[in-house]
file input38.pdb (PDB, C-alpha atoms)
ATOM      1  CA  MET A   1       2.683 -22.478 -82.253
ATOM      2  CA  CYS A   2       2.491 -19.581 -84.627
ATOM      3  CA  CYS A   3      -0.743 -18.537 -86.323
ATOM      4  CA  LEU A   4      -0.229 -14.814 -86.888
ATOM      5  CA  TYR A   5       2.850 -12.686 -87.449
ATOM      6  CA  TYR A   6       3.708  -9.160 -88.521
ATOM      7  CA  ILE A   7       5.970  -7.642 -91.170
ATOM      8  CA  ASP A   8       6.978  -3.982 -91.237
ATOM      9  CA  GLU A   9       9.323  -1.781 -93.299
ATOM     10  CA  ALA A  10      12.363  -2.778 -91.190
ATOM     11  CA  VAL A  11      11.767  -6.429 -92.116
ATOM     12  CA  GLU A  12      11.467  -5.454 -95.792
ATOM     13  CA  ARG A  13      14.833  -3.673 -95.567
ATOM     14  CA  ASP A  14      16.402  -6.737 -93.895
ATOM     15  CA  ILE A  15      15.101  -8.978 -96.689
ATOM     16  CA  GLU A  16      16.585  -6.676 -99.332
ATOM     17  CA  ARG A  17      19.911  -6.578 -97.463
ATOM     18  CA  LEU A  18      20.154 -10.350 -96.979
ATOM     19  CA  VAL A  19      19.271 -11.699-100.403
ATOM     20  CA  ASN A  20      21.118 -11.600-103.702
ATOM     21  CA  ASP A  21      17.963 -11.735-105.819
ATOM     22  CA  ILE A  22      14.322 -10.739-105.318
ATOM     23  CA  ASP A  23      11.451 -12.174-107.341
ATOM     24  CA  LYS A  24      10.075  -9.404-109.568
ATOM     25  CA  ASN A  25       6.538 -10.526-108.710
ATOM     26  CA  ILE A  26       7.055 -10.637-104.951
ATOM     27  CA  LYS A  27       4.314  -9.103-102.880
ATOM     28  CA  LEU A  28       6.085  -7.540 -99.897
ATOM     29  CA  LYS A  29       2.992  -7.054 -97.799
ATOM     30  CA  THR A  30       3.399  -5.179 -94.568
ATOM     31  CA  GLY A  31       1.086  -5.705 -91.629
ATOM     32  CA  ASP A  32      -0.364  -8.866 -90.136
ATOM     33  CA  ILE A  33       0.194 -12.146 -91.986
ATOM     34  CA  HIS A  34      -2.529 -14.767 -91.508
ATOM     35  CA  PRO A  35      -2.621 -18.434 -92.579
ATOM     36  CA  THR A  36      -3.192 -18.776 -96.349
ATOM     37  CA  ASP A  37      -1.839 -15.232 -96.974
ATOM     38  CA  GLN A  38       0.942 -14.679 -99.494
ATOM     39  CA  ALA A  39       4.088 -13.698 -97.619
ATOM     40  CA  PRO A  40       7.790 -13.198 -98.345
ATOM     41  CA  VAL A  41      10.184 -16.079 -97.712
ATOM     42  CA  ILE A  42      13.914 -16.455 -98.202
ATOM     43  CA  CYS A  43      15.006 -19.611-100.005
ATOM     44  CA  LYS A  44      17.733 -20.668-102.408
ATOM     45  CA  ARG A  45      18.129 -20.215-106.105
ATOM     46  CA  ASN A  46      21.352 -21.909-107.193
ATOM     47  CA  GLN A  47      23.986 -20.433-104.851
ATOM     48  CA  ASP A  48      22.097 -17.232-104.098
ATOM     49  CA  LEU A  49      19.669 -16.379-101.335
ATOM     50  CA  TYR A  50      16.423 -15.496-103.045
ATOM     51  CA  ALA A  51      13.321 -13.681-101.782
ATOM     52  CA  THR A  52       9.992 -14.717-103.192
ATOM     53  CA  SER A  53       6.376 -14.842-102.132
ATOM     54  CA  MET A  54       4.564 -18.031-101.093
ATOM     55  CA  LYS A  55       1.239 -18.927 -99.541
ATOM     56  CA  TRP A  56       1.312 -19.913 -95.856
ATOM     57  CA  GLY A  57       0.105 -23.459 -95.207
ATOM     58  CA  PHE A  58       0.194 -26.827 -96.949
ATOM     59  CA  MET A  59      -3.263 -28.021 -97.917
ATOM     60  CA  GLY A  60      -4.236 -30.982 -95.734
ATOM     61  CA  ARG A  61      -6.388 -33.937 -96.735
ATOM     62  CA  ASP A  62      -9.406 -32.188 -95.211
ATOM     63  CA  GLN A  63      -8.563 -29.018 -97.210
ATOM     64  CA  LYS A  64      -7.586 -27.174 -94.017
ATOM     65  CA  PRO A  65      -4.139 -25.565 -94.141
ATOM     66  CA  LEU A  66      -1.301 -27.122 -92.135
ATOM     67  CA  ILE A  67       0.558 -23.990 -91.023
ATOM     68  CA  ASN A  68       3.052 -25.380 -88.483
ATOM     69  CA  ALA A  69       5.145 -28.497 -88.054
ATOM     70  CA  ARG A  70       6.829 -29.712 -84.890
ATOM     71  CA  ALA A  71      10.615 -29.589 -85.242
ATOM     72  CA  GLU A  72      10.878 -32.732 -83.100
ATOM     73  CA  SER A  73       8.884 -34.880 -85.546
ATOM     74  CA  ALA A  74       8.979 -33.138 -88.956
ATOM     75  CA  LEU A  75      11.562 -35.561 -90.368
ATOM     76  CA  GLU A  76       9.349 -38.531 -89.443
ATOM     77  CA  LYS A  77       6.078 -37.228 -90.913
ATOM     78  CA  PRO A  78       5.427 -38.207 -94.556
ATOM     79  CA  THR A  79       3.674 -34.869 -95.164
ATOM     80  CA  PHE A  80       6.797 -32.918 -94.147
ATOM     81  CA  SER A  81       9.934 -35.092 -94.332
ATOM     82  CA  ASP A  82      10.967 -34.544 -97.969
ATOM     83  CA  SER A  83      10.331 -30.798 -97.799
ATOM     84  CA  VAL A  84      12.199 -30.273 -94.522
ATOM     85  CA  MET A  85      15.170 -32.231 -95.905
ATOM     86  CA  HIS A  86      15.360 -30.524 -99.312
ATOM     87  CA  ARG A  87      13.321 -27.302 -99.417
ATOM     88  CA  ARG A  88      14.067 -25.254 -96.318
ATOM     89  CA  CYS A  89      13.355 -21.535 -96.099
ATOM     90  CA  ILE A  90      13.312 -18.610 -93.700
ATOM     91  CA  ILE A  91      10.161 -16.686 -92.896
ATOM     92  CA  PRO A  92      11.135 -13.178 -91.770
ATOM     93  CA  ALA A  93       8.913 -11.279 -89.347
ATOM     94  CA  GLY A  94       9.076  -8.288 -87.059
ATOM     95  CA  LYS A  95       7.078 -10.086 -84.378
ATOM     96  CA  PHE A  96       4.612 -12.906 -83.940
ATOM     97  CA  TYR A  97       1.548 -13.205 -81.755
ATOM     98  CA  GLU A  98       0.346 -15.864 -79.378
ATOM     99  CA  TRP A  99      -2.682 -16.178 -77.122
ATOM    100  CA  ASN A 100      -2.743 -17.538 -73.588
ATOM    101  CA  ARG A 101      -5.463 -19.783 -72.100
ATOM    102  CA  ASP A 102      -7.555 -16.696 -71.304
ATOM    103  CA  LYS A 103      -7.457 -15.620 -74.983
ATOM    104  CA  GLN A 104      -5.233 -12.614 -74.267
ATOM    105  CA  LYS A 105      -2.918 -11.726 -77.139
ATOM    106  CA  ALA A 106       0.802 -11.135 -76.628
ATOM    107  CA  ALA A 107       3.385 -10.050 -79.196
ATOM    108  CA  PHE A 108       6.901 -11.474 -79.159
ATOM    109  CA  ARG A 109       9.940  -9.838 -80.725
ATOM    110  CA  TYR A 110      13.677 -10.329 -80.688
ATOM    111  CA  ARG A 111      15.308  -7.449 -78.820
ATOM    112  CA  GLU A 112      18.666  -7.680 -80.668
ATOM    113  CA  SER A 113      17.246  -7.304 -84.182
ATOM    114  CA  PRO A 114      14.277  -5.717 -85.954
ATOM    115  CA  SER A 115      13.649  -9.104 -87.616
ATOM    116  CA  ILE A 116      12.908 -12.597 -86.398
ATOM    117  CA  TYR A 117      13.999 -15.387 -88.754
ATOM    118  CA  MET A 118      11.598 -18.298 -88.395
ATOM    119  CA  ALA A 119      12.735 -21.646 -89.804
ATOM    120  CA  GLY A 120      10.404 -23.264 -92.275
ATOM    121  CA  PHE A 121      10.145 -25.343 -95.411
ATOM    122  CA  TYR A 122       8.034 -25.381 -98.555
ATOM    123  CA  ARG A 123       6.578 -27.536-101.302
ATOM    124  CA  MET A 124       4.467 -27.188-104.389
ATOM    125  CA  ASP A 125       0.738 -27.762-103.834
ATOM    126  CA  GLY A 126      -0.564 -27.965-107.373
ATOM    127  CA  ASN A 127       1.182 -25.112-109.178
ATOM    128  CA  GLU A 128       1.538 -23.011-106.040
ATOM    129  CA  PRO A 129       4.484 -22.899-103.617
ATOM    130  CA  ARG A 130       3.388 -23.051 -99.978
ATOM    131  CA  PHE A 131       5.382 -22.880 -96.734
ATOM    132  CA  VAL A 132       5.079 -24.146 -93.171
ATOM    133  CA  ILE A 133       6.691 -22.693 -90.025
ATOM    134  CA  LEU A 134       8.592 -25.045 -87.719
ATOM    135  CA  THR A 135       7.766 -24.868 -84.017
ATOM    136  CA  THR A 136       9.644 -26.058 -80.973
ATOM    137  CA  VAL A 137       9.140 -26.291 -77.223
ATOM    138  CA  ALA A 138       8.679 -22.830 -75.720
ATOM    139  CA  ASN A 139      11.585 -21.361 -73.794
ATOM    140  CA  ALA A 140      11.243 -19.361 -70.561
ATOM    141  CA  SER A 141      10.390 -16.121 -72.397
ATOM    142  CA  MET A 142       7.323 -17.740 -73.964
ATOM    143  CA  ARG A 143       6.248 -20.542 -71.631
ATOM    144  CA  SER A 144       3.816 -18.482 -69.524
ATOM    145  CA  VAL A 145       1.766 -17.750 -72.650
ATOM    146  CA  HIS A 146       2.077 -20.934 -74.735
ATOM    147  CA  ASP A 147       3.971 -24.232 -74.686
ATOM    148  CA  ARG A 148       5.150 -23.940 -78.340
ATOM    149  CA  MET A 149       6.995 -21.239 -80.268
ATOM    150  CA  PRO A 150       8.505 -20.812 -83.736
ATOM    151  CA  LEU A 151      11.982 -22.243 -84.290
ATOM    152  CA  ILE A 152      13.960 -19.000 -84.575
ATOM    153  CA  LEU A 153      17.416 -18.878 -86.127
ATOM    154  CA  GLY A 154      20.064 -16.175 -86.005
ATOM    155  CA  GLU A 155      20.998 -14.212 -89.103
ATOM    156  CA  LYS A 156      24.329 -16.060 -89.260
ATOM    157  CA  ASP A 157      22.443 -19.383 -89.528
ATOM    158  CA  ILE A 158      20.230 -18.471 -92.503
ATOM    159  CA  ARG A 159      22.526 -19.708 -95.279
ATOM    160  CA  LEU A 160      23.427 -22.890 -93.363
ATOM    161  CA  TRP A 161      19.770 -23.697 -92.692
ATOM    162  CA  ILE A 162      18.814 -23.223 -96.325
ATOM    163  CA  TYR A 163      21.798 -24.957 -97.976
ATOM    164  CA  GLU A 164      23.260 -27.562 -95.621
ATOM    165  CA  ASP A 165      21.071 -30.697 -95.756
ATOM    166  CA  ALA A 166      23.496 -32.553 -93.466
ATOM    167  CA  LYS A 167      22.902 -30.016 -90.656
ATOM    168  CA  THR A 168      19.104 -30.126 -90.771
ATOM    169  CA  ASP A 169      18.803 -32.406 -87.747
ATOM    170  CA  VAL A 170      21.119 -30.161 -85.683
ATOM    171  CA  PHE A 171      19.001 -27.093 -86.461
ATOM    172  CA  LEU A 172      15.778 -28.932 -85.640
ATOM    173  CA  LYS A 173      17.119 -29.479 -82.102
ATOM    174  CA  LYS A 174      18.321 -25.898 -81.658
ATOM    175  CA  ALA A 175      16.744 -23.757 -78.936
ATOM    176  CA  SER A 176      15.113 -20.497 -79.945
ATOM    177  CA  PRO A 177      16.519 -17.286 -78.408
ATOM    178  CA  MET A 178      14.867 -15.460 -75.546
ATOM    179  CA  LEU A 179      12.243 -12.997 -76.751
ATOM    180  CA  GLU A 180      10.653  -9.855 -75.422
ATOM    181  CA  ARG A 181       6.919 -10.027 -74.697
ATOM    182  CA  GLN A 182       4.622  -7.077 -75.276
ATOM    183  CA  GLN A 183       1.054  -7.185 -74.064
ATOM    184  CA  GLU A 184      -1.433  -4.346 -73.921
ATOM    185  CA  TYR A 185      -3.357  -5.793 -71.019
ATOM    186  CA  GLU A 186      -2.884  -8.752 -68.742
ATOM    187  CA  GLN A 187      -5.588  -9.741 -66.284
ATOM    188  CA  MET A 188      -4.142 -10.353 -62.848
ATOM    189  CA  SER A 189      -5.900 -12.853 -60.611
ATOM    190  CA  LEU A 190      -7.495 -11.568 -57.410
ATOM    191  CA  PHE A 191      -7.091 -14.933 -55.685
TER     192      PHE A 191
END
call {"tool": "encode", "arguments": {"input": "input38.pdb", "output": "structure tokens"}}
result
Amino acid sequence: MCCLYYIDEAVERDIERLVNDIDKNIKLKTGDIHPTDQAPVICKRNQDLYATSMKWGFMGRDQKPLINARAESALEKPTFSDSVMHRRCIIPAGKFYEWNRDKQKAAFRYRESPSIYMAGFYRMDGNEPRFVILTTVANASMRSVHDRMPLILGEKDIRLWIYEDAKTDVFLKKASPMLERQQEYEQMSLF
């Protein structure tokens, strides 16, 4: 699960390096990104990778935002299936946060790169583009904090994820890389 992530200047530089075109109206916000915030995403425009800004979360029937989708079932869900098949994107971040059962916050980052590339997809809700982050089963680096984590792709997979519809199912089954956990304080049990 992912409900808060962080963008810094290194992520902004990675976005600028990766894309061929940047929306003139993009709001490259640094700092924490919360559900319903505008945030940068990488998607396609013709044959070019394109950076634009979208709002995080599809509006649900109850008017609550749907911010995540399970990679294992996204193709089967009517709310997500068309978007995950035809409108995939990358949500870049420096780190994301997760809370354990005791409500202690931990940050997760990818040691090999200043950016994490979370797989996602988007659609138009009214006149506004909105994105959702795909999640998968947590790997060993995350499992002690939460049982879900974002589906994270390598930089070399970005173009394939965005453009290759035939490979969507393969990516949805891909394991996320091991991450580094940072936590200011962790309560240790006395018993």
call {"tool": "residues_around", "arguments": {"input": "input38.pdb", "residues": "stretch 18-24 of chain A", "least_positions_apart": "5", "cutoff": "8 Å", "atoms": "all atoms listed in the file", "output": "number ranges by chain"}}
result
A: 42, 48-53
call {"tool": "atom_distance", "arguments": {"input": "input38.pdb", "atom1": "atom CA of A:Ala107", "atom2": "atom CA of A:Met178"}}
result
13.2 Å
call {"tool": "residues_around", "arguments": {"input": "input38.pdb", "residues": "A:Met59", "least_positions_apart": "6", "cutoff": "9 Å", "atoms": "all atoms listed in the file", "output": "list in words"}}
result
Pro65, Leu66, Ile67, Asp125 and Arg130 of chain A
call {"tool": "write_last_selection", "arguments": {"input": "input38.pdb", "atoms": "C-alpha atoms", "output": "PDB file, in the frame of the given file"}}
result
ATOM      1  CA  PRO A  65      -4.139 -25.565 -94.141  1.00  0.00           C
ATOM      2  CA  LEU A  66      -1.301 -27.122 -92.135  1.00  0.00           C
ATOM      3  CA  ILE A  67       0.558 -23.990 -91.023  1.00  0.00           C
ATOM      4  CA  ASP A 125       0.738 -27.762-103.834  1.00  0.00           C
ATOM      5  CA  ARG A 130       3.388 -23.051 -99.978  1.00  0.00           C
TER       6      ARG A 130
END
call {"tool": "closest_residue", "arguments": {"input": "input38.pdb", "among": "A:Lys103, A:Arg181, A:Lys44, A:Arg17", "to": "A:Trp161", "atoms": "only C-alpha atoms"}}
result
A:Lys44
call {"tool": "resolve_selection", "arguments": {"input": "input38.pdb", "expression": "the PyMOL selection byres ((chain A and resi 109) around 12)", "output": "ChimeraX atom specification"}}
result
/A:5-7,92-98,106-108,110-118,141-142,149-150,152,176-183
call {"tool": "residues_near_point", "arguments": {"input": "input38.pdb", "point": "(-2.7, -20.7, -73.4)", "cutoff": "10 Å", "atoms": "only C-alpha atoms", "output": "PyMOL selection string"}}
result
chain A and resi 98-105+143-148
call {"tool": "closest_residue", "arguments": {"input": "input38.pdb", "among": "A:Gly60, A:Pro40, A:Gly154, A:Gly31", "to": "A:Thr79", "atoms": "only C-alpha atoms"}}
result
A:Gly60
call {"tool": "closest_residue", "arguments": {"input": "input38.pdb", "among": "A:Arg45, A:Arg87, A:Lys174, A:Lys64", "to": "A:Leu151", "atoms": "all atoms listed in the file"}}
result
A:Lys174
call {"tool": "atom_distance", "arguments": {"input": "input38.pdb", "atom1": "atom CA of A:Arg123", "atom2": "atom CA of A:Ala175"}}
result
24.9 Å
call {"tool": "atom_distance", "arguments": {"input": "input38.pdb", "atom1": "atom CA of A:Pro35", "atom2": "atom CA of A:Glu76"}}
result
23.6 Å
call {"tool": "resolve_selection", "arguments": {"input": "input38.pdb", "expression": "the PyMOL selection byres ((chain A and resi 160) around 12)", "output": "list of chain:residue names"}}
result
A:Cys43, A:Lys44, A:Gln47, A:Leu49, A:Arg88, A:Cys89, A:Ile90, A:Ala119, A:Leu153, A:Gly154, A:Glu155, A:Lys156, A:Asp157, A:Ile158, A:Arg159, A:Trp161, A:Ile162, A:Tyr163, A:Glu164, A:Asp165, A:Ala166, A:Lys167, A:Thr168, A:Asp169, A:Val170, A:Phe171
call {"tool": "decode", "arguments": {"input": "input38.pdb", "residues": "stretch 68-83 of chain A", "atoms": "all heavy atoms", "output": "compact mmCIF listing (two decimals), in the first residue's frame"}}
result
# COMPACT_ATOMS: atom_id res chain seq x y z
N ASN A 68 -4.81 3.36 -4.83
CA ASN A 68 -4.00 2.19 -5.15
C ASN A 68 -4.86 1.13 -5.82
O ASN A 68 -6.07 1.09 -5.62
CB ASN A 68 -3.38 1.57 -3.89
CG ASN A 68 -2.41 2.49 -3.19
OD1 ASN A 68 -1.61 3.15 -3.83
ND2 ASN A 68 -2.48 2.54 -1.88
N ALA A 69 -4.21 0.28 -6.58
CA ALA A 69 -4.86 -0.88 -7.18
C ALA A 69 -3.92 -2.07 -7.03
O ALA A 69 -2.71 -1.92 -7.21
CB ALA A 69 -5.17 -0.64 -8.65
N ARG A 70 -4.47 -3.21 -6.72
CA ARG A 70 -3.66 -4.42 -6.60
C ARG A 70 -3.23 -4.90 -7.98
O ARG A 70 -4.09 -5.11 -8.85
CB ARG A 70 -4.44 -5.52 -5.89
CG ARG A 70 -4.64 -5.26 -4.43
CD ARG A 70 -5.49 -6.36 -3.80
NE ARG A 70 -5.53 -6.17 -2.36
CZ ARG A 70 -4.80 -6.89 -1.50
NH1 ARG A 70 -4.04 -7.86 -1.92
NH2 ARG A 70 -4.87 -6.64 -0.21
N ALA A 71 -1.94 -5.10 -8.16
CA ALA A 71 -1.42 -5.57 -9.45
C ALA A 71 -2.03 -6.92 -9.82
O ALA A 71 -2.30 -7.18 -10.99
CB ALA A 71 0.11 -5.68 -9.40
N GLU A 72 -2.29 -7.76 -8.82
CA GLU A 72 -2.81 -9.10 -9.07
C GLU A 72 -4.22 -9.10 -9.67
O GLU A 72 -4.61 -10.04 -10.34
CB GLU A 72 -2.86 -9.93 -7.77
CG GLU A 72 -1.54 -10.04 -7.05
CD GLU A 72 -1.30 -8.92 -6.03
OE1 GLU A 72 -1.77 -7.78 -6.22
OE2 GLU A 72 -0.62 -9.19 -5.03
N SER A 73 -5.00 -8.05 -9.42
CA SER A 73 -6.40 -8.06 -9.86
C SER A 73 -6.80 -6.84 -10.70
O SER A 73 -7.96 -6.73 -11.10
CB SER A 73 -7.32 -8.16 -8.64
OG SER A 73 -7.13 -7.06 -7.78
N ALA A 74 -5.89 -5.94 -10.99
CA ALA A 74 -6.24 -4.70 -11.71
C ALA A 74 -6.86 -4.97 -13.07
O ALA A 74 -7.78 -4.26 -13.49
CB ALA A 74 -5.01 -3.81 -11.86
N LEU A 75 -6.38 -5.99 -13.78
CA LEU A 75 -6.93 -6.29 -15.11
C LEU A 75 -8.35 -6.83 -15.04
O LEU A 75 -9.10 -6.75 -16.02
CB LEU A 75 -6.04 -7.30 -15.84
CG LEU A 75 -4.70 -6.77 -16.33
CD1 LEU A 75 -3.84 -7.91 -16.86
CD2 LEU A 75 -4.89 -5.70 -17.38
N GLU A 76 -8.75 -7.36 -13.90
CA GLU A 76 -10.09 -7.94 -13.75
C GLU A 76 -11.12 -6.94 -13.24
O GLU A 76 -12.32 -7.18 -13.36
CB GLU A 76 -10.02 -9.11 -12.76
CG GLU A 76 -9.07 -10.20 -13.19
CD GLU A 76 -8.66 -11.09 -12.02
OE1 GLU A 76 -9.26 -11.00 -10.93
OE2 GLU A 76 -7.71 -11.87 -12.20
N LYS A 77 -10.69 -5.83 -12.68
CA LYS A 77 -11.61 -4.86 -12.07
C LYS A 77 -12.10 -3.87 -13.12
O LYS A 77 -11.29 -3.18 -13.76
CB LYS A 77 -10.91 -4.09 -10.94
CG LYS A 77 -10.34 -4.95 -9.85
CD LYS A 77 -11.40 -5.39 -8.91
CE LYS A 77 -10.78 -6.19 -7.76
NZ LYS A 77 -11.74 -6.67 -6.84
N PRO A 78 -13.41 -3.74 -13.29
CA PRO A 78 -13.94 -2.79 -14.28
C PRO A 78 -13.46 -1.35 -14.08
O PRO A 78 -13.25 -0.62 -15.04
CB PRO A 78 -15.46 -2.88 -14.10
CG PRO A 78 -15.70 -4.21 -13.46
CD PRO A 78 -14.47 -4.50 -12.63
N THR A 79 -13.24 -0.95 -12.85
CA THR A 79 -12.78 0.41 -12.56
C THR A 79 -11.37 0.66 -13.11
O THR A 79 -11.04 1.78 -13.45
CB THR A 79 -12.78 0.65 -11.04
OG1 THR A 79 -14.10 0.42 -10.55
CG2 THR A 79 -12.34 2.05 -10.68
N PHE A 80 -10.56 -0.40 -13.19
CA PHE A 80 -9.15 -0.24 -13.55
C PHE A 80 -8.74 -0.85 -14.89
O PHE A 80 -7.74 -0.42 -15.47
CB PHE A 80 -8.27 -0.88 -12.46
CG PHE A 80 -8.48 -0.32 -11.09
CD1 PHE A 80 -8.59 -1.18 -9.99
CD2 PHE A 80 -8.57 1.04 -10.85
CE1 PHE A 80 -8.77 -0.68 -8.71
CE2 PHE A 80 -8.75 1.55 -9.58
CZ PHE A 80 -8.85 0.68 -8.50
N SER A 81 -9.42 -1.88 -15.36
CA SER A 81 -8.91 -2.71 -16.46
C SER A 81 -8.55 -1.93 -17.72
O SER A 81 -7.47 -2.13 -18.28
CB SER A 81 -9.87 -3.85 -16.77
OG SER A 81 -11.12 -3.35 -17.18
N ASP A 82 -9.43 -1.06 -18.21
CA ASP A 82 -9.13 -0.33 -19.43
C ASP A 82 -7.92 0.59 -19.25
O ASP A 82 -7.05 0.66 -20.12
CB ASP A 82 -10.35 0.48 -19.89
CG ASP A 82 -10.13 1.12 -21.24
OD1 ASP A 82 -9.86 0.38 -22.23
OD2 ASP A 82 -10.18 2.36 -21.31
N SER A 83 -7.85 1.26 -18.12
CA SER A 83 -6.74 2.18 -17.87
C SER A 83 -5.41 1.44 -17.75
O SER A 83 -4.40 1.88 -18.31
CB SER A 83 -6.99 2.98 -16.59
OG SER A 83 -8.12 3.81 -16.74
